[in-house]
Amino acid sequence: MSFELLINALIAGVLLGGFYAAVTVGVSISFGILDIVNIAHPAFIILGSYIAYIVNQTLGIDPILTAILALPAFYLLGSMIYQVYYASFEKRGQDSLRGLAFFFGLLFVTEVMLILVFGVDYRYVQAAYIDKTWHFGFADIPFRMLVPCVISLLMLGLLQLYLSRTFTGRAIMAVSQDQLALRLMSADPARIKRIAFSISIATAAIAGAFLIVIQPVEPSVGREYIGRVFAICVLGGLQSLPGTVIAAMLLGILESVTATFYGPSWAPAVSFGVLLLTLAFRPAGLLGR
Amino acid sequence: MRSLVFYIVSILVGAALFGFARWLGNDYLFFAGYTVLQFIVLATAWNILGGYCGYVNFGSAAFFAAGAYSSVALHKLAAGIDRYVPESLAGLAHTILPLPIPVLIVIGGIVAGLIGLGTGYLTLRLRGAFFAIATLALAVVLQTLIVNWDFVGGSRGAYIIRPSEVPIIGSYIQYLFLIMLVLSILAIIAARAIEQSRLGYGFATIRDDETAAEACGVPTLRLKLIATTLSGALMGMAGAPFPYYIGYLEPGSAFGLAYTVNSIAMPMIGGTTSWVGPLVGALLLGTLQQIATVTISSAVNLLIVGLLLVGFVIVAPKGIVGLVQDFMRERGPEGSEPTWRTRLATFANMRPGAR
Amino acid sequence: MTGPLLQIENVGKRFGGFVALDGINLTVAHGERVGLIGPNGSGKSTLVNCMCGTLQNETGRVMFDGRLMNGMSAHQRARRGMARSFQLPRPFVTLSVAENLRIPLLYAAHARRGHHLTHEEIENRCHELAGLVGLAAKANRLPRDLTQVEMRKLELARAVAVDPKLLIADEAMAGLSQSEVDEIVALLITMNERGVTIIMIEHIMRAVMAFSQRLVVLVTGKKIADGPPQEVVSHPEVIGAYLGQ
């Protein structure tokens, strides 16, 4: 019996991990690569969830498809935010303290606005695959977990290809390591960073759609994800996408096993505990030196 | 000498405030005033670590809740005291218990201070954003612990029955108001004393450049521990009377995001480099929120705080104090007679040129 | 005062796979003026960082004033009388010039005197130090109001404020005019005559030659020469290292 529970917990953990990777990849880009502490990222994810919800309610379009259609809008939003951030903090050489407060304010404002518009009721979406489940003996694979997991891994794969194969992608990777190399490539660091930040916000649209497919959403759900996202990001060694996937799977499994055996009320402490311990003892991450 | 004047002025202002509130005699005024005063303590506490040392704490609510829940735990302990102590000691226990609020404040301060010290140790090597994220994580871990701790009510929360009258002062809310008033005056005096001391200079070097500070003989790690402990203890002290104020405490309200946001927003909007900033920010935002809560809604007032925070960090990074400071600096030639402006600047610890 | 002031034995440090310091041995006697030179990336700054505790050396040991420094933090070493200026000036940007100078007086200078300085002593010393480097008129200004040159002077004055036995000046003169270089060299020599041992790391050979009683050359993390300046600069290996093999 407990063996069956364990297997199911592991499967759920892996599926959850796939989803967490999509949630985290934006922060891996903004925080890990660009060194912009975008703690407002989860708020944009929730924004993505609500957009998927509205379109699903009014037009009946699939939430994930909606998210893909909403990518340009989120990209634009990212560009705008970066522009403000760049002009107010990076260019002025202002201390990161204020940049941090800026994103914290954004997080808060977004959440409160969503509460004002939609209230604090849980919202959910409809899609054909949400209620389906595959059964293999005692093992259950719910589609509402599987679909986000698969698409998420696909998205991360594409991003990894983009970062390692294209000119702009490599310039983005160089931003974090070598400003000089970037200038030799005659790329404008501000422009490269804007593109990268916009991409990071765009991923929030997709992650938001995943979230509302997996569970009902209300505005303050995003807060739970701040710790998760940064735990995974730090654990994964900040800027490596494969590291992000591995750390996401690990955390997913850890949370799912904890929830199964100790009860769901302990689950939030897992990610934050992992984060605290990683920061205290292994700040370079799991794969770090 | 200047400090003595400052102490006397603070006490007089406090006494005048209390006298004025009593003269108006409206209990709502005390309820609202308590919240504003509580924010003065929280903002001042946050600023010791955030403004002076440059370490952003996103976990203010956790320290506040630690103070609040230490009071709840002691209250529960007092309520069931006969079960915990032998009969021979029961008489003694009943004379001590329930503990008076000033004692609870001291205990809450110690508990939260120890948590601050622990946070400091865990995060010694972390700088900037990593520290901020770690404090955020700490808040959630602590909240999960409280939610799962049945003795203090767990997720259901706990009722605190408070006496309706206190000797001499009369109404209980006036008593709480007075206590918070004294606490906020003490917090401000402490913050001001730190600023002008050796410790304050040490904190400033941590904010500016830790490596250079070490080379100048500043024990940065120890100072950071002092700052996290002091800041945490003050927040816990602000939280300790809270269960008696609210009457029913559940984790969601004690760990409310509003505390975290306000304790960051108030110093940021007021100005982070002097004790005046958090005070001005807390008075302004605290009052504004009380008015907005009554006239509009509590969600809107949080929106206002968020927008003000974002606006200020973009437009006026030095806060209101910074704006005033720039105004002060438009003064006569070097070495001329001190004007009321420069006198005020000196009083507010806005030394010419510096900070 | 019998043993050497500073004794570095077999000190090594690597960053990842890169060997920055490879078994350095160096002894500095009380009252000496030592010049430390080497091409960029030769490990000079890493050596300074290992001496001062900004970095910890991985192998070997650093002895200062008869005590083992290994594992000791930078502020403890500063309090024992080891001061350094940074290659790129690192002033405390929110503190005024006078306040910058006040920090070592508050936190380091007391340790060897055995008592905290009085308010008056601190103010006098601040004033004296600002005057020493010609910053008296700007004592109440913020570092951002200073020129590059003044910033370097502040950096040096702040190190002097530690009241050191050993002063390590890490490229204190880069970008200064000839007369300013002479001024700083004269200042350092005066300090040395008052009993402060000084290690000068410098690219400006004129300053190094005018200042040093002894010259040490570092190349790719190894010490290749150590001796009287005139001899060292005519050493074929040194010439080779500077002109490129």
# chains A, B, ... in the order shown; residues from 1 in each chain; ligands from 1
$ residues_around --residues "region 186-191 of chain A" --least-positions-apart "5" --cutoff "12 Å" --atoms "only C-alpha atoms" --output "mmCIF file with N, CA, C and O atoms, in the first residue's frame"
data_model
loop_
_atom_site.group_PDB
_atom_site.id
_atom_site.type_symbol
_atom_site.label_atom_id
_atom_site.label_comp_id
_atom_site.auth_asym_id
_atom_site.auth_seq_id
_atom_site.Cartn_x
_atom_site.Cartn_y
_atom_site.Cartn_z
ATOM 1 N N LEU A 34 20.498 37.532 -16.187
ATOM 2 C CA LEU A 34 20.586 38.995 -16.278
ATOM 3 C C LEU A 34 20.868 39.663 -14.944
ATOM 4 O O LEU A 34 21.127 40.854 -14.893
ATOM 5 N N SER A 79 9.143 44.058 -22.201
ATOM 6 C CA SER A 79 9.962 45.142 -22.747
ATOM 7 C C SER A 79 9.708 46.433 -21.991
ATOM 8 O O SER A 79 10.633 47.162 -21.648
ATOM 9 N N TYR A 82 11.197 46.309 -18.519
ATOM 10 C CA TYR A 82 12.650 46.432 -18.554
ATOM 11 C C TYR A 82 13.060 47.872 -18.825
ATOM 12 O O TYR A 82 14.025 48.371 -18.248
ATOM 13 N N GLN A 83 12.309 48.521 -19.727
ATOM 14 C CA GLN A 83 12.641 49.905 -20.066
ATOM 15 C C GLN A 83 12.611 50.778 -18.816
ATOM 16 O O GLN A 83 13.516 51.564 -18.566
ATOM 17 N N TYR A 85 12.811 49.742 -15.698
ATOM 18 C CA TYR A 85 13.851 49.266 -14.780
ATOM 19 C C TYR A 85 15.212 49.813 -15.205
ATOM 20 O O TYR A 85 15.991 50.304 -14.395
ATOM 21 N N TYR A 86 15.460 49.740 -16.510
ATOM 22 C CA TYR A 86 16.757 50.178 -17.026
ATOM 23 C C TYR A 86 16.957 51.677 -16.764
ATOM 24 O O TYR A 86 17.983 52.092 -16.240
ATOM 25 N N ALA A 87 15.926 52.459 -17.124
ATOM 26 C CA ALA A 87 16.058 53.910 -16.987
ATOM 27 C C ALA A 87 16.165 54.331 -15.521
ATOM 28 O O ALA A 87 16.906 55.241 -15.186
ATOM 29 N N GLU A 90 19.223 50.610 -13.546
ATOM 30 C CA GLU A 90 20.495 50.169 -14.129
ATOM 31 C C GLU A 90 21.328 51.332 -14.636
ATOM 32 O O GLU A 90 22.512 51.424 -14.359
ATOM 33 N N LYS A 91 20.679 52.243 -15.368
ATOM 34 C CA LYS A 91 21.430 53.327 -15.976
ATOM 35 C C LYS A 91 21.962 54.272 -14.903
ATOM 36 O O LYS A 91 23.089 54.723 -14.970
ATOM 37 N N PHE A 167 22.568 33.675 -32.591
ATOM 38 C CA PHE A 167 23.468 34.770 -32.268
ATOM 39 C C PHE A 167 22.962 35.529 -31.039
ATOM 40 O O PHE A 167 23.690 35.716 -30.056
ATOM 41 N N THR A 168 21.688 35.923 -31.087
ATOM 42 C CA THR A 168 21.119 36.670 -29.958
ATOM 43 C C THR A 168 21.163 35.835 -28.691
ATOM 44 O O THR A 168 21.483 36.341 -27.614
ATOM 45 N N GLY A 169 20.842 34.551 -28.840
ATOM 46 C CA GLY A 169 20.843 33.665 -27.683
ATOM 47 C C GLY A 169 22.207 33.620 -27.027
ATOM 48 O O GLY A 169 22.332 33.728 -25.803
ATOM 49 N N ARG A 170 23.241 33.508 -27.852
ATOM 50 C CA ARG A 170 24.589 33.448 -27.272
ATOM 51 C C ARG A 170 24.993 34.783 -26.668
ATOM 52 O O ARG A 170 25.683 34.842 -25.660
ATOM 53 N N ALA A 171 24.515 35.852 -27.307
ATOM 54 C CA ALA A 171 24.774 37.179 -26.730
ATOM 55 C C ALA A 171 24.127 37.285 -25.362
ATOM 56 O O ALA A 171 24.693 37.857 -24.433
ATOM 57 N N ILE A 172 22.916 36.710 -25.217
ATOM 58 C CA ILE A 172 22.232 36.739 -23.919
ATOM 59 C C ILE A 172 23.067 36.013 -22.869
ATOM 60 O O ILE A 172 23.276 36.503 -21.763
ATOM 61 N N MET A 173 23.568 34.835 -23.244
ATOM 62 C CA MET A 173 24.386 34.086 -22.288
ATOM 63 C C MET A 173 25.650 34.874 -21.926
ATOM 64 O O MET A 173 26.154 34.785 -20.806
ATOM 65 N N ALA A 174 26.173 35.624 -22.900
ATOM 66 C CA ALA A 174 27.411 36.365 -22.663
ATOM 67 C C ALA A 174 27.178 37.559 -21.746
ATOM 68 O O ALA A 174 28.098 38.000 -21.054
ATOM 69 N N VAL A 175 25.947 38.076 -21.721
ATOM 70 C CA VAL A 175 25.651 39.246 -20.892
ATOM 71 C C VAL A 175 26.082 39.005 -19.453
ATOM 72 O O VAL A 175 26.666 39.861 -18.805
ATOM 73 N N SER A 176 25.801 37.777 -18.982
ATOM 74 C CA SER A 176 26.089 37.506 -17.580
ATOM 75 C C SER A 176 27.578 37.342 -17.333
ATOM 76 O O SER A 176 28.069 37.630 -16.259
ATOM 77 N N GLN A 177 28.299 36.854 -18.332
ATOM 78 C CA GLN A 177 29.680 36.495 -18.073
ATOM 79 C C GLN A 177 30.670 37.553 -18.520
ATOM 80 O O GLN A 177 31.622 37.853 -17.826
ATOM 81 N N ASP A 178 30.437 38.112 -19.661
ATOM 82 C CA ASP A 178 31.503 38.878 -20.261
ATOM 83 C C ASP A 178 30.958 40.047 -21.075
ATOM 84 O O ASP A 178 30.590 39.890 -22.227
ATOM 85 N N GLN A 179 30.903 41.210 -20.441
ATOM 86 C CA GLN A 179 30.406 42.389 -21.141
ATOM 87 C C GLN A 179 31.335 42.757 -22.303
ATOM 88 O O GLN A 179 30.893 43.253 -23.318
ATOM 89 N N LEU A 180 32.599 42.460 -22.131
ATOM 90 C CA LEU A 180 33.575 42.839 -23.149
ATOM 91 C C LEU A 180 33.350 42.037 -24.416
ATOM 92 O O LEU A 180 33.292 42.572 -25.523
ATOM 93 N N ALA A 181 33.180 40.722 -24.231
ATOM 94 C CA ALA A 181 32.928 39.856 -25.372
ATOM 95 C C ALA A 181 31.708 40.336 -26.130
ATOM 96 O O ALA A 181 31.657 40.312 -27.358
ATOM 97 N N ALA A 196 16.086 39.531 -23.602
ATOM 98 C CA ALA A 196 16.074 38.390 -22.682
ATOM 99 C C ALA A 196 15.003 38.560 -21.614
ATOM 100 O O ALA A 196 14.264 37.612 -21.301
ATOM 101 N N PHE A 197 14.892 39.766 -21.079
ATOM 102 C CA PHE A 197 13.890 39.983 -20.037
ATOM 103 C C PHE A 197 12.478 39.806 -20.600
ATOM 104 O O PHE A 197 11.608 39.216 -19.961
ATOM 105 N N SER A 198 12.270 40.300 -21.829
ATOM 106 C CA SER A 198 10.957 40.153 -22.452
ATOM 107 C C SER A 198 10.613 38.682 -22.626
ATOM 108 O O SER A 198 9.479 38.262 -22.398
#
$ closest_atom_pairs --of "chain C" --to "chain A" --cutoff "12 Å" --atoms "only C-alpha atoms" --output "CSV"
residue,atom,partner,partner_atom,distance
C:Phe15,CA,A:Arg289,CA,11.0
C:Gly16,CA,A:Arg289,CA,8.4
C:Gly17,CA,A:Arg289,CA,11.3
C:Val93,CA,A:Asp95,CA,11.2
C:Thr94,CA,A:Asp95,CA,11.6
$ closest_residue --among "B:Gly157, B:Gly170, B:Gly128, B:Gly200" --to "chain A" --atoms "only C-alpha atoms"
B:Gly128
$ interface_residues --of "chain A" --to "chain B" --cutoff "6 Å" --atoms "only C-alpha atoms" --output "PyMOL selection string"
chain A and resi 88+98+102+105+108-109+112+227+269+272+276+280
$ interface_residues --of "chain C" --to "chain B" --cutoff "10 Å" --atoms "only C-alpha atoms" --output "MDAnalysis selection string"
chainID C and resid 52:54 73:86 89:111 139:143 145 155 158:162
$ residues_around --residues "region 232-241 of chain B" --least-positions-apart "3" --cutoff "6 Å" --atoms "only C-alpha atoms" --output "ChimeraX atom specification"
/B:38,42,45,63-64,66-68,71,105,108-109,112-113,116,228-229,244
$ atom_distance --atom1 "CA of Cys53 (chain B)" --atom2 "CA of Ile115 (chain B)"
18.3 Å
$ select_by_dssp --residues "region 23-255 of chain B" --states "strand (DSSP E)" --output "PyMOL selection string"
chain B and resi 158-159+165-166+170-171+248-249
$ residues_around --residues "Ala40 (chain A)" --least-positions-apart "3" --cutoff "7 Å" --atoms "only C-alpha atoms" --output "ChimeraX atom specification"
/A:43-44,103-104,106-107
$ write_last_selection --atoms "N, CA, C and O atoms" --output "short mmCIF file (atom, residue, chain, number, x, y, z; two decimals), in the first residue's frame"
data_model
loop_
_atom_site.label_atom_id
_atom_site.label_comp_id
_atom_site.auth_asym_id
_atom_site.auth_seq_id
_atom_site.Cartn_x
_atom_site.Cartn_y
_atom_site.Cartn_z
N ALA A 43 3.69 36.92 -9.99
CA ALA A 43 2.49 37.74 -10.22
C ALA A 43 2.13 37.75 -11.70
O ALA A 43 0.95 37.71 -12.07
N PHE A 44 3.16 37.77 -12.56
CA PHE A 44 2.89 37.74 -14.00
C PHE A 44 2.34 36.38 -14.42
O PHE A 44 1.54 36.27 -15.34
N PHE A 103 10.40 45.71 -7.81
CA PHE A 103 9.73 44.48 -8.24
C PHE A 103 8.77 43.98 -7.15
O PHE A 103 7.72 43.43 -7.46
N PHE A 104 9.15 44.20 -5.91
CA PHE A 104 8.25 43.82 -4.83
C PHE A 104 6.95 44.62 -4.95
O PHE A 104 5.85 44.07 -4.81
N LEU A 106 5.71 45.90 -7.70
CA LEU A 106 4.99 45.39 -8.88
C LEU A 106 4.20 44.14 -8.52
O LEU A 106 3.03 43.98 -8.89
N LEU A 107 4.85 43.24 -7.78
CA LEU A 107 4.21 42.00 -7.35
C LEU A 107 2.93 42.32 -6.59
O LEU A 107 1.86 41.77 -6.85
#
$ residues_around --residues "Ile54 (chain A)" --least-positions-apart "3" --cutoff "10 Å" --atoms "only C-alpha atoms" --output "list in words"
Ser49, Tyr50, Ile51, Gln57, Thr58, Leu59, Gly60, Ile61, Pro63, Thr66, Arg123, Tyr124 and Val125 of chain A
$ write_last_selection --atoms "all heavy atoms" --output "CSV table (one decimal), in the first residue's frame"
chain,number,residue,atom,x,y,z
A,49,SER,N,-2.6,33.3,-15.9
A,49,SER,CA,-3.7,32.4,-15.5
A,49,SER,C,-5.0,33.1,-15.8
A,49,SER,O,-5.9,32.5,-16.3
A,49,SER,CB,-3.6,32.0,-14.1
A,49,SER,OG,-2.4,31.2,-13.8
A,50,TYR,N,-5.1,34.3,-15.3
A,50,TYR,CA,-6.4,35.0,-15.5
A,50,TYR,C,-6.8,35.3,-16.9
A,50,TYR,O,-7.9,35.3,-17.3
A,50,TYR,CB,-6.4,36.3,-14.6
A,50,TYR,CG,-6.8,36.0,-13.2
A,50,TYR,CD1,-5.9,35.7,-12.2
A,50,TYR,CD2,-8.2,36.0,-12.9
A,50,TYR,CE1,-6.3,35.4,-10.9
A,50,TYR,CE2,-8.6,35.7,-11.6
A,50,TYR,CZ,-7.7,35.4,-10.6
A,50,TYR,OH,-8.1,35.0,-9.4
A,51,ILE,N,-5.7,35.6,-17.7
A,51,ILE,CA,-6.0,35.8,-19.2
A,51,ILE,C,-6.5,34.5,-19.8
A,51,ILE,O,-7.5,34.5,-20.5
A,51,ILE,CB,-4.7,36.3,-19.9
A,51,ILE,CG1,-4.5,37.8,-19.4
A,51,ILE,CG2,-4.9,36.2,-21.4
A,51,ILE,CD1,-3.2,38.4,-19.9
A,57,GLN,N,-13.4,31.3,-20.6
A,57,GLN,CA,-14.8,31.5,-20.2
A,57,GLN,C,-15.6,32.1,-21.4
A,57,GLN,O,-16.7,31.7,-21.6
A,57,GLN,CB,-14.8,32.5,-19.0
A,57,GLN,CG,-14.4,31.9,-17.7
A,57,GLN,CD,-15.5,30.8,-17.3
A,57,GLN,OE1,-16.6,31.2,-17.1
A,57,GLN,NE2,-15.0,29.6,-17.1
A,58,THR,N,-15.0,33.2,-22.0
A,58,THR,CA,-15.8,33.9,-23.0
A,58,THR,C,-15.8,33.2,-24.4
A,58,THR,O,-16.8,33.1,-25.0
A,58,THR,CB,-15.3,35.3,-23.2
A,58,THR,OG1,-13.9,35.3,-23.4
A,58,THR,CG2,-15.6,36.1,-21.9
A,59,LEU,N,-14.6,32.7,-24.8
A,59,LEU,CA,-14.6,32.2,-26.2
A,59,LEU,C,-14.4,30.7,-26.2
A,59,LEU,O,-14.5,30.1,-27.2
A,59,LEU,CB,-13.4,32.8,-26.9
A,59,LEU,CG,-13.4,34.3,-27.0
A,59,LEU,CD1,-12.1,34.9,-27.6
A,59,LEU,CD2,-14.6,34.8,-27.8
A,60,GLY,N,-14.1,30.1,-25.0
A,60,GLY,CA,-14.0,28.6,-25.0
A,60,GLY,C,-12.7,28.1,-25.6
A,60,GLY,O,-12.6,26.9,-25.9
A,61,ILE,N,-11.7,29.0,-25.8
A,61,ILE,CA,-10.4,28.5,-26.4
A,61,ILE,C,-9.6,27.8,-25.3
A,61,ILE,O,-9.6,28.2,-24.1
A,61,ILE,CB,-9.7,29.7,-27.0
A,61,ILE,CG1,-10.5,30.4,-28.1
A,61,ILE,CG2,-8.3,29.3,-27.5
A,61,ILE,CD1,-9.9,31.6,-28.7
A,63,PRO,N,-6.8,26.9,-22.8
A,63,PRO,CA,-6.0,27.8,-22.0
A,63,PRO,C,-4.5,27.9,-22.5
A,63,PRO,O,-3.9,29.0,-22.6
A,63,PRO,CB,-6.0,27.3,-20.6
A,63,PRO,CG,-6.7,26.0,-20.7
A,63,PRO,CD,-7.5,26.0,-21.9
A,66,THR,N,-4.4,29.8,-25.7
A,66,THR,CA,-4.5,31.2,-25.4
A,66,THR,C,-3.1,31.8,-25.0
A,66,THR,O,-2.8,32.8,-25.5
A,66,THR,CB,-5.5,31.4,-24.2
A,66,THR,OG1,-6.7,30.7,-24.5
A,66,THR,CG2,-5.7,32.8,-24.0
A,123,ARG,N,-10.8,30.5,-9.4
A,123,ARG,CA,-11.3,30.4,-10.8
A,123,ARG,C,-10.6,29.2,-11.4
A,123,ARG,O,-9.5,28.8,-11.1
A,123,ARG,CB,-10.8,31.6,-11.6
A,123,ARG,CG,-11.2,32.9,-10.9
A,123,ARG,CD,-12.6,33.2,-11.1
A,123,ARG,NE,-13.0,34.3,-10.2
A,123,ARG,CZ,-14.1,35.1,-10.4
A,123,ARG,NH1,-14.9,34.8,-11.4
A,123,ARG,NH2,-14.3,36.1,-9.5
A,124,TYR,N,-11.4,28.5,-12.3
A,124,TYR,CA,-10.8,27.4,-13.1
A,124,TYR,C,-11.2,27.4,-14.5
A,124,TYR,O,-12.1,28.2,-14.9
A,124,TYR,CB,-11.2,26.1,-12.4
A,124,TYR,CG,-12.6,26.0,-12.1
A,124,TYR,CD1,-13.5,25.5,-13.1
A,124,TYR,CD2,-13.2,26.4,-10.9
A,124,TYR,CE1,-14.8,25.4,-12.9
A,124,TYR,CE2,-14.5,26.3,-10.7
A,124,TYR,CZ,-15.4,25.8,-11.6
A,124,TYR,OH,-16.7,25.7,-11.4
A,125,VAL,N,-10.6,26.6,-15.3
A,125,VAL,CA,-10.8,26.6,-16.8
A,125,VAL,C,-11.4,25.2,-17.2
A,125,VAL,O,-11.3,24.3,-16.4
A,125,VAL,CB,-9.6,26.9,-17.6
A,125,VAL,CG1,-9.2,28.3,-17.5
A,125,VAL,CG2,-8.4,25.9,-17.2
$ closest_residue --among "A:Leu275, A:Leu15, A:Val27, A:Met145" --to "Leu238 (chain A)" --atoms "only C-alpha atoms"
A:Val27
$ residues_around --residues "Ala204 (chain A)" --least-positions-apart "4" --cutoff "7 Å" --atoms "only C-alpha atoms" --output "ChimeraX atom specification"
/A:23,26,44-45,48,208
